[in-house]
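Visitor: Just one file: data-v2.pdb, with PDB, C-alpha atoms, pLDDT in the B column.
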ATOM      1  CA  MET A 838     -30.682   9.763 -55.105  1.00 84.00           C
ATOM      2  CA  THR A 839     -27.431  11.096 -56.515  1.00 85.00           C
ATOM      3  CA  LYS A 840     -26.972  12.509 -60.014  1.00 86.00           C
ATOM      4  CA  ASP A 841     -25.404   9.210 -61.135  1.00 87.00           C
ATOM      5  CA  GLY A 842     -28.367   7.171 -59.862  1.00 90.00           C
ATOM      6  CA  THR A 843     -26.986   5.830 -56.585  1.00 88.00           C
ATOM      7  CA  ILE A 844     -29.690   5.600 -53.938  1.00 90.00           C
ATOM      8  CA  LEU A 845     -28.376   6.772 -50.572  1.00 88.00           C
ATOM      9  CA  LEU A 846     -30.203   5.991 -47.349  1.00 86.00           C
ATOM     10  CA  ALA A 847     -30.404   8.688 -44.700  1.00 88.00           C
ATOM     11  CA  HIS A 848     -31.553   7.742 -41.220  1.00 87.00           C
ATOM     12  CA  ARG A 849     -33.564  10.259 -39.234  1.00 87.00           C
ATOM     13  CA  VAL A 850     -33.784  10.413 -35.464  1.00 85.00           C
ATOM     14  CA  ASN A 851     -37.049  11.909 -34.324  1.00 71.00           C
ATOM     15  CA  LEU A 852     -37.692  13.561 -30.998  1.00 67.00           C
ATOM     16  CA  ASN A 853     -40.137  11.725 -28.777  1.00 65.00           C
ATOM     17  CA  SER A 854     -43.274  13.781 -28.060  1.00 68.00           C
ATOM     18  CA  GLU A 855     -42.279  14.528 -24.455  1.00 68.00           C
ATOM     19  CA  LEU A 856     -38.848  15.873 -25.408  1.00 63.00           C
ATOM     20  CA  LYS A 857     -40.270  17.792 -28.357  1.00 64.00           C
ATOM     21  CA  ALA A 858     -42.856  19.508 -26.127  1.00 63.00           C
ATOM     22  CA  ALA A 859     -40.148  20.423 -23.610  1.00 60.00           C
ATOM     23  CA  LEU A 860     -37.919  21.864 -26.314  1.00 56.00           C
ATOM     24  CA  GLU A 861     -40.611  23.791 -28.209  1.00 56.00           C
ATOM     25  CA  ASP A 862     -40.525  26.496 -25.545  1.00 53.00           C
ATOM     26  CA  GLN A 863     -36.840  26.988 -26.358  1.00 51.00           C
ATOM     27  CA  SER A 864     -37.601  27.484 -30.098  1.00 49.00           C
ATOM     28  CA  CYS A 865     -34.826  25.145 -31.168  1.00 49.00           C
ATOM     29  CA  VAL A 866     -36.720  22.143 -32.545  1.00 52.00           C
ATOM     30  CA  SER A 867     -36.436  23.450 -36.097  1.00 69.00           C
ATOM     31  CA  LYS A 868     -32.636  23.076 -36.194  1.00 87.00           C
ATOM     32  CA  VAL A 869     -31.287  20.340 -38.425  1.00 91.00           C
ATOM     33  CA  ALA A 870     -28.055  18.389 -37.968  1.00 91.00           C
ATOM     34  CA  LEU A 871     -26.482  16.093 -40.558  1.00 92.00           C
ATOM     35  CA  LEU A 872     -24.091  13.544 -39.047  1.00 90.00           C
ATOM     36  CA  VAL A 873     -21.493  12.181 -41.479  1.00 90.00           C
ATOM     37  CA  HIS A 874     -19.628   9.015 -40.507  1.00 84.00           C
ATOM     38  CA  SER A 875     -16.056   7.857 -40.986  1.00 79.00           C
ATOM     39  CA  MET A 876     -14.474   5.328 -43.360  1.00 76.00           C
ATOM     40  CA  ASN A 877     -15.878   1.792 -43.421  1.00 77.00           C
ATOM     41  CA  CYS A 878     -18.738   2.767 -41.119  1.00 78.00           C
ATOM     42  CA  CYS A 879     -22.391   3.612 -41.365  1.00 76.00           C
ATOM     43  CA  SER A 880     -24.882   5.791 -39.520  1.00 78.00           C
ATOM     44  CA  GLU A 881     -24.941   3.356 -36.585  1.00 78.00           C
ATOM     45  CA  VAL A 882     -21.498   4.544 -35.466  1.00 78.00           C
ATOM     46  CA  PHE A 883     -23.082   7.625 -33.865  1.00 79.00           C
ATOM     47  CA  PHE A 884     -25.119   5.450 -31.458  1.00 79.00           C
ATOM     48  CA  LEU A 885     -22.669   2.702 -30.465  1.00 80.00           C
ATOM     49  CA  GLN A 886     -22.026   3.964 -26.943  1.00 74.00           C
ATOM     50  CA  GLY A 887     -25.628   3.541 -25.860  1.00 68.00           C
ATOM     51  CA  ASN A 888     -28.386   5.990 -25.076  1.00 65.00           C
ATOM     52  CA  GLY A 889     -27.298   9.300 -23.624  1.00 67.00           C
ATOM     53  CA  LYS A 890     -23.574   8.816 -24.200  1.00 76.00           C
ATOM     54  CA  ASN A 891     -23.219   9.153 -27.930  1.00 81.00           C
ATOM     55  CA  MET A 892     -23.070  11.859 -30.551  1.00 80.00           C
ATOM     56  CA  GLY A 893     -26.440  11.035 -32.091  1.00 81.00           C
ATOM     57  CA  THR A 894     -28.371  11.332 -28.840  1.00 81.00           C
ATOM     58  CA  TYR A 895     -26.417  14.458 -27.876  1.00 82.00           C
ATOM     59  CA  TRP A 896     -27.719  16.390 -30.904  1.00 84.00           C
ATOM     60  CA  VAL A 897     -31.285  15.106 -30.468  1.00 83.00           C
ATOM     61  CA  GLU A 898     -31.286  16.229 -26.831  1.00 81.00           C
ATOM     62  CA  LYS A 899     -30.035  19.659 -27.946  1.00 82.00           C
ATOM     63  CA  GLY A 900     -33.243  19.956 -29.973  1.00 81.00           C
ATOM     64  CA  TYR A 901     -31.978  19.084 -33.431  1.00 87.00           C
ATOM     65  CA  ASP A 902     -33.785  17.122 -36.095  1.00 88.00           C
ATOM     66  CA  VAL A 903     -30.944  14.633 -36.678  1.00 90.00           C
ATOM     67  CA  TRP A 904     -30.190  13.060 -40.048  1.00 92.00           C
ATOM     68  CA  LEU A 905     -27.409  10.519 -40.566  1.00 91.00           C
ATOM     69  CA  THR A 906     -25.608   9.734 -43.802  1.00 90.00           C
ATOM     70  CA  ASN A 907     -24.675   6.391 -45.240  1.00 89.00           C
ATOM     71  CA  GLN A 908     -21.969   6.809 -47.857  1.00 88.00           C
ATOM     72  CA  ARG A 909     -22.323   4.879 -51.074  1.00 88.00           C
ATOM     73  CA  GLY A 910     -21.134   1.312 -50.833  1.00 85.00           C
ATOM     74  CA  ASN A 911     -21.895   0.777 -47.153  1.00 85.00           C
ATOM     75  CA  ARG A 912     -24.541  -1.662 -45.932  1.00 85.00           C
ATOM     76  CA  TYR A 913     -27.367   0.886 -46.238  1.00 85.00           C
ATOM     77  CA  SER A 914     -26.454   2.469 -49.570  1.00 88.00           C
ATOM     78  CA  LEU A 915     -26.103  -0.411 -51.997  1.00 88.00           C
ATOM     79  CA  ASP A 916     -28.996   0.443 -54.315  1.00 88.00           C
ATOM     80  CA  HIS A 917     -29.088   2.084 -57.724  1.00 92.00           C
ATOM     81  CA  LYS A 918     -31.910   3.323 -59.976  1.00 94.00           C
ATOM     82  CA  ASP A 919     -30.718   0.839 -62.605  1.00 94.00           C
ATOM     83  CA  PRO A 920     -31.614  -2.602 -61.210  1.00 91.00           C
ATOM     84  CA  ASN A 921     -29.325  -4.236 -63.790  1.00 93.00           C
ATOM     85  CA  ILE A 922     -26.178  -2.281 -62.955  1.00 91.00           C
ATOM     86  CA  THR A 923     -23.140  -4.527 -62.583  1.00 91.00           C
ATOM     87  CA  ALA A 924     -21.136  -4.588 -59.369  1.00 90.00           C
ATOM     88  CA  GLU A 925     -18.104  -3.429 -61.336  1.00 90.00           C
ATOM     89  CA  LYS A 926     -19.950  -0.353 -62.582  1.00 90.00           C
ATOM     90  CA  PHE A 927     -21.713   0.341 -59.260  1.00 89.00           C
ATOM     91  CA  PHE A 928     -18.467   0.318 -57.274  1.00 89.00           C
ATOM     92  CA  ASP A 929     -16.562   2.364 -59.856  1.00 88.00           C
ATOM     93  CA  TYR A 930     -16.333   5.553 -57.815  1.00 86.00           C
ATOM     94  CA  SER A 931     -13.740   7.481 -55.874  1.00 84.00           C
ATOM     95  CA  ILE A 932     -13.740   9.529 -52.701  1.00 82.00           C
ATOM     96  CA  ASP A 933     -14.719  12.513 -54.850  1.00 83.00           C
ATOM     97  CA  GLN A 934     -18.241  11.085 -55.126  1.00 86.00           C
ATOM     98  CA  TYR A 935     -18.600  11.200 -51.321  1.00 86.00           C
ATOM     99  CA  ALA A 936     -18.187  14.972 -51.500  1.00 84.00           C
ATOM    100  CA  LEU A 937     -20.656  15.261 -54.380  1.00 85.00           C
ATOM    101  CA  ASP A 938     -23.152  13.090 -52.486  1.00 88.00           C
ATOM    102  CA  ILE A 939     -23.392  15.679 -49.704  1.00 88.00           C
ATOM    103  CA  GLU A 940     -25.360  17.892 -52.081  1.00 89.00           C
ATOM    104  CA  ALA A 941     -27.914  15.093 -52.530  1.00 90.00           C
ATOM    105  CA  TYR A 942     -28.269  14.735 -48.756  1.00 91.00           C
ATOM    106  CA  TYR A 943     -28.697  18.501 -48.265  1.00 91.00           C
ATOM    107  CA  LYS A 944     -31.352  18.751 -50.983  1.00 91.00           C
ATOM    108  CA  PHE A 945     -33.222  15.710 -49.688  1.00 91.00           C
ATOM    109  CA  ILE A 946     -33.245  17.030 -46.112  1.00 91.00           C
ATOM    110  CA  GLU A 947     -34.193  20.519 -47.263  1.00 89.00           C
ATOM    111  CA  GLY A 948     -37.137  19.042 -49.179  1.00 88.00           C
ATOM    112  CA  LYS A 949     -38.318  17.027 -46.174  1.00 85.00           C
ATOM    113  CA  THR A 950     -37.859  19.723 -43.517  1.00 83.00           C
ATOM    114  CA  GLN A 951     -37.942  23.086 -45.333  1.00 82.00           C
ATOM    115  CA  CYS A 952     -34.914  24.009 -43.209  1.00 85.00           C
ATOM    116  CA  GLN A 953     -32.850  27.005 -44.236  1.00 88.00           C
ATOM    117  CA  LYS A 954     -29.543  25.846 -42.723  1.00 92.00           C
ATOM    118  CA  ILE A 955     -27.941  22.557 -41.714  1.00 93.00           C
ATOM    119  CA  THR A 956     -25.400  21.934 -38.971  1.00 92.00           C
ATOM    120  CA  TYR A 957     -22.810  19.547 -40.416  1.00 91.00           C
ATOM    121  CA  VAL A 958     -21.362  17.152 -37.814  1.00 91.00           C
ATOM    122  CA  SER A 959     -18.714  14.633 -38.769  1.00 87.00           C
ATOM    123  CA  TYR A 960     -16.146  12.184 -37.591  1.00 84.00           C
ATOM    124  CA  SER A 961     -12.843  11.461 -39.353  1.00 85.00           C
ATOM    125  CA  LEU A 962     -13.525  10.935 -43.072  1.00 84.00           C
ATOM    126  CA  GLY A 963     -16.671  13.025 -42.696  1.00 85.00           C
ATOM    127  CA  GLY A 964     -14.428  16.033 -41.996  1.00 85.00           C
ATOM    128  CA  PHE A 965     -12.478  15.382 -45.175  1.00 85.00           C
ATOM    129  CA  ILE A 966     -15.747  15.114 -47.087  1.00 85.00           C
ATOM    130  CA  PHE A 967     -16.782  18.478 -45.615  1.00 85.00           C
ATOM    131  CA  SER A 968     -13.523  20.047 -46.735  1.00 83.00           C
ATOM    132  CA  MET A 969     -13.927  18.688 -50.254  1.00 82.00           C
ATOM    133  CA  SER A 970     -17.598  19.522 -50.647  1.00 81.00           C
ATOM    134  CA  HIS A 971     -17.367  23.037 -49.191  1.00 77.00           C
ATOM    135  CA  SER A 972     -14.172  24.252 -50.849  1.00 74.00           C
ATOM    136  CA  GLU A 973     -14.350  24.410 -54.616  1.00 67.00           C
ATOM    137  CA  GLY A 974     -16.564  23.358 -57.471  1.00 71.00           C
ATOM    138  CA  LYS A 975     -20.135  23.767 -58.580  1.00 70.00           C
ATOM    139  CA  ILE A 976     -21.798  22.658 -55.357  1.00 77.00           C
ATOM    140  CA  CYS A 977     -19.622  24.818 -53.102  1.00 80.00           C
ATOM    141  CA  LYS A 978     -21.797  27.960 -53.177  1.00 82.00           C
ATOM    142  CA  TYR A 979     -24.979  25.988 -52.556  1.00 84.00           C
ATOM    143  CA  LEU A 980     -23.526  24.024 -49.616  1.00 86.00           C
ATOM    144  CA  ASN A 981     -21.862  27.060 -48.063  1.00 86.00           C
ATOM    145  CA  SER A 982     -25.153  28.968 -48.221  1.00 87.00           C
ATOM    146  CA  LYS A 983     -26.974  26.079 -46.528  1.00 90.00           C
ATOM    147  CA  THR A 984     -24.430  25.232 -43.808  1.00 89.00           C
ATOM    148  CA  GLU A 985     -25.066  26.878 -40.441  1.00 89.00           C
ATOM    149  CA  ARG A 986     -21.898  25.522 -38.832  1.00 87.00           C
ATOM    150  CA  ALA A 987     -19.614  22.519 -38.994  1.00 86.00           C
ATOM    151  CA  VAL A 988     -18.463  20.359 -36.122  1.00 86.00           C
ATOM    152  CA  LEU A 989     -15.562  18.218 -37.337  1.00 83.00           C
ATOM    153  CA  VAL A 990     -14.382  15.608 -34.841  1.00 82.00           C
ATOM    154  CA  ALA A 991     -10.922  14.196 -35.658  1.00 78.00           C
ATOM    155  CA  PRO A 992     -11.135  15.310 -39.303  1.00 76.00           C
ATOM    156  CA  LEU A 993      -8.824  13.860 -41.923  1.00 73.00           C
ATOM    157  CA  LEU A 994      -7.433  17.120 -43.249  1.00 66.00           C
ATOM    158  CA  ILE A 995      -4.188  18.381 -44.663  1.00 61.00           C
ATOM    159  CA  PRO A 996      -4.344  22.074 -43.684  1.00 58.00           C
ATOM    160  CA  ALA A 997      -1.827  23.228 -46.293  1.00 53.00           C
ATOM    161  CA  LEU A 998      -4.028  21.781 -49.040  1.00 50.00           C
ATOM    162  CA  SER A 999      -7.380  22.774 -47.581  1.00 50.00           C
ATOM    163  CA  LYS A1000      -9.080  25.775 -49.172  1.00 54.00           C
ATOM    164  CA  VAL A1001     -12.040  25.974 -46.825  1.00 52.00           C
ATOM    165  CA  GLU A1002     -12.561  29.429 -45.410  1.00 52.00           C
ATOM    166  CA  ALA A1003     -14.405  28.989 -42.165  1.00 50.00           C
ATOM    167  CA  LYS A1004     -14.563  30.562 -38.765  1.00 50.00           C
ATOM    168  CA  VAL A1005     -13.603  28.027 -36.107  1.00 51.00           C
ATOM    169  CA  GLU A1006     -15.391  28.256 -32.791  1.00 57.00           C
ATOM    170  CA  VAL A1007     -14.952  25.879 -29.881  1.00 56.00           C
ATOM    171  CA  SER A1008     -17.404  26.137 -27.026  1.00 63.00           C
ATOM    172  CA  GLN A1009     -16.260  26.091 -23.430  1.00 65.00           C
ATOM    173  CA  GLU A1010     -18.531  23.073 -22.938  1.00 70.00           C
ATOM    174  CA  ALA A1011     -16.665  21.159 -25.664  1.00 65.00           C
ATOM    175  CA  LEU A1012     -13.259  22.042 -24.256  1.00 62.00           C
ATOM    176  CA  VAL A1013     -14.265  20.883 -20.770  1.00 67.00           C
ATOM    177  CA  TYR A1014     -15.717  17.657 -22.196  1.00 67.00           C
ATOM    178  CA  PHE A1015     -12.597  16.801 -24.207  1.00 62.00           C
ATOM    179  CA  LYS A1016     -10.315  17.663 -21.291  1.00 67.00           C
ATOM    180  CA  ARG A1017     -12.345  15.397 -18.981  1.00 71.00           C
ATOM    181  CA  ARG A1018     -12.383  12.554 -21.536  1.00 66.00           C
ATOM    182  CA  ALA A1019      -8.618  12.857 -22.079  1.00 66.00           C
ATOM    183  CA  TYR A1020      -8.091  12.651 -18.319  1.00 68.00           C
ATOM    184  CA  GLU A1021     -10.406   9.603 -18.038  1.00 69.00           C
ATOM    185  CA  LEU A1022      -8.598   7.810 -20.853  1.00 64.00           C
ATOM    186  CA  GLY A1023      -5.238   8.442 -19.206  1.00 54.00           C
TER     187      GLY A1023
END
Just give me the structure as structure tokens.
Guide:
Amino acid sequence: MTKDGTILLAHRVNLNSELKAALEDQSCVSKVALLVHSMNCCSEVFFLQGNGKNMGTYWVEKGYDVWLTNQRGNRYSLDHKDPNITAEKFFDYSIDQYALDIEAYYKFIEGKTQCQKITYVSYSLGGFIFSMSHSEGKICKYLNSKTERAVLVAPLLIPALSKVEAKVEVSQEALVYFKRRAYELG
């Protein structure tokens, strides 16, 4: 639940017991990834391409405990602690609240998993939300201390206005993947 009473639903993708046992030897099961979707979407967007060929499954197979956001106002986050709140009042928010909501997700996940760090993975608007939530303001220090790394796919950013100080690393595996996909798409 957010500070203003909005109830956000986070989906969690658990490892099956066979995969968990296989990964335990690699000591990576305790990693946590938070996947943040784009505009007018929900957590389902990370699984649309089917099993084994989507971002959600990719992180699970890498041994992460995967959590998926659902920004306020989408099909999974339409609840509020006040059952009598009017639609006008409920939907009276701006994109700024998306950034503030990330703190609620982090604290919820931290409470459920006792994780020390979260890998933030996003697509499009999720990258903008990362930039907003990790740049300035009261929650910035908390989120920066709890973020292991960020993977921003096609982020909506205006670099000249962005104040995020982050080290950008791109793995060879990612470069090869994107090069292959670009070739396949023509």
Visitor: Translate the PyMOL selection byres ((chain A and resi 974-988) around 7) into a concrete residue list for this structure, as a compact mmCIF listing (two decimals) with C-alpha atoms, keeping the file's coordinate frame.
Guide:
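Output file expr.txt follows:
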# COMPACT_ATOMS: atom_id res chain seq x y z
CA GLU A 940 -25.36 17.89 -52.08
CA GLN A 953 -32.85 27.00 -44.24
CA LYS A 954 -29.54 25.85 -42.72
CA ILE A 955 -27.94 22.56 -41.71
CA THR A 956 -25.40 21.93 -38.97
CA TYR A 957 -22.81 19.55 -40.42
CA VAL A 958 -21.36 17.15 -37.81
CA SER A 959 -18.71 14.63 -38.77
CA SER A 970 -17.60 19.52 -50.65
CA HIS A 971 -17.37 23.04 -49.19
CA SER A 972 -14.17 24.25 -50.85
CA GLU A 973 -14.35 24.41 -54.62
CA LEU A 989 -15.56 18.22 -37.34
CA VAL A 990 -14.38 15.61 -34.84
Visitor: So what does the PyMOL selection byres ((chain A and resi 874) around 10) actually pick up in this one, as number ranges by chain?
Guide: A: 871-873, 875-883, 905-908, 958-964, 966
Visitor: Taking only C-alpha atoms into account, name the residue in A:Met838, A:Thr843, A:Phe945, A:Gln886 that is nearest to A:Lys926.
Guide: A:Thr843
Visitor: Could you tell me how far atom CA of A:Met969 lies from atom CA of A:Ile932, in Å and to one decimal?
Guide: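 Distance reported for this atom pair: 9.5 Å.
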Visitor: Rounded to one decimal in Å, what is the spacing between atom CA of A:Thr950 and atom CA of A:Leu915?
Guide: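 A separation of 24.8 Å between them.
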Visitor: With only C-alpha atoms as the atoms that count, which of A:Lys899, A:Lys868, A:Arg912, A:Lys840 lies nearest to A:Tyr942?
Guide: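 Among the listed residues, A:Lys840 lies closest to A:Tyr942.
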Visitor: Measure the distance from atom CA of A:Ser914 to atom CA of A:Pro992 in Å and round it to one decimal.
Guide: 22.5 Å
Visitor: Which is closer to A:Tyr943 than all the others in A:Thr839, A:Arg1017, A:Met892, A:Asp929, using only C-alpha atoms?
Guide: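 Under the stated criterion, the closest residue is A:Thr839.
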Visitor: Would you give the centre and edge lengths, in Å to one decimal, of a box along x, y and z around the listed atoms of stretch 935-941 of chain A, with 6 Å added to each side, as JSON?
Guide:
{"center_x": -23.1, "center_y": 14.5, "center_z": -52.0, "size_x": 21.7, "size_y": 18.7, "size_z": 16.7}
Visitor: Please expand the PyMOL selection byres ((chain A and resi 901) around 6) into the concrete residues it hits in this file, giving the result as a list in words.
Guide: Val866, Lys868, Val869, Trp896, Val897, Lys899, Gly900, Asp902 and Val903 of chain A
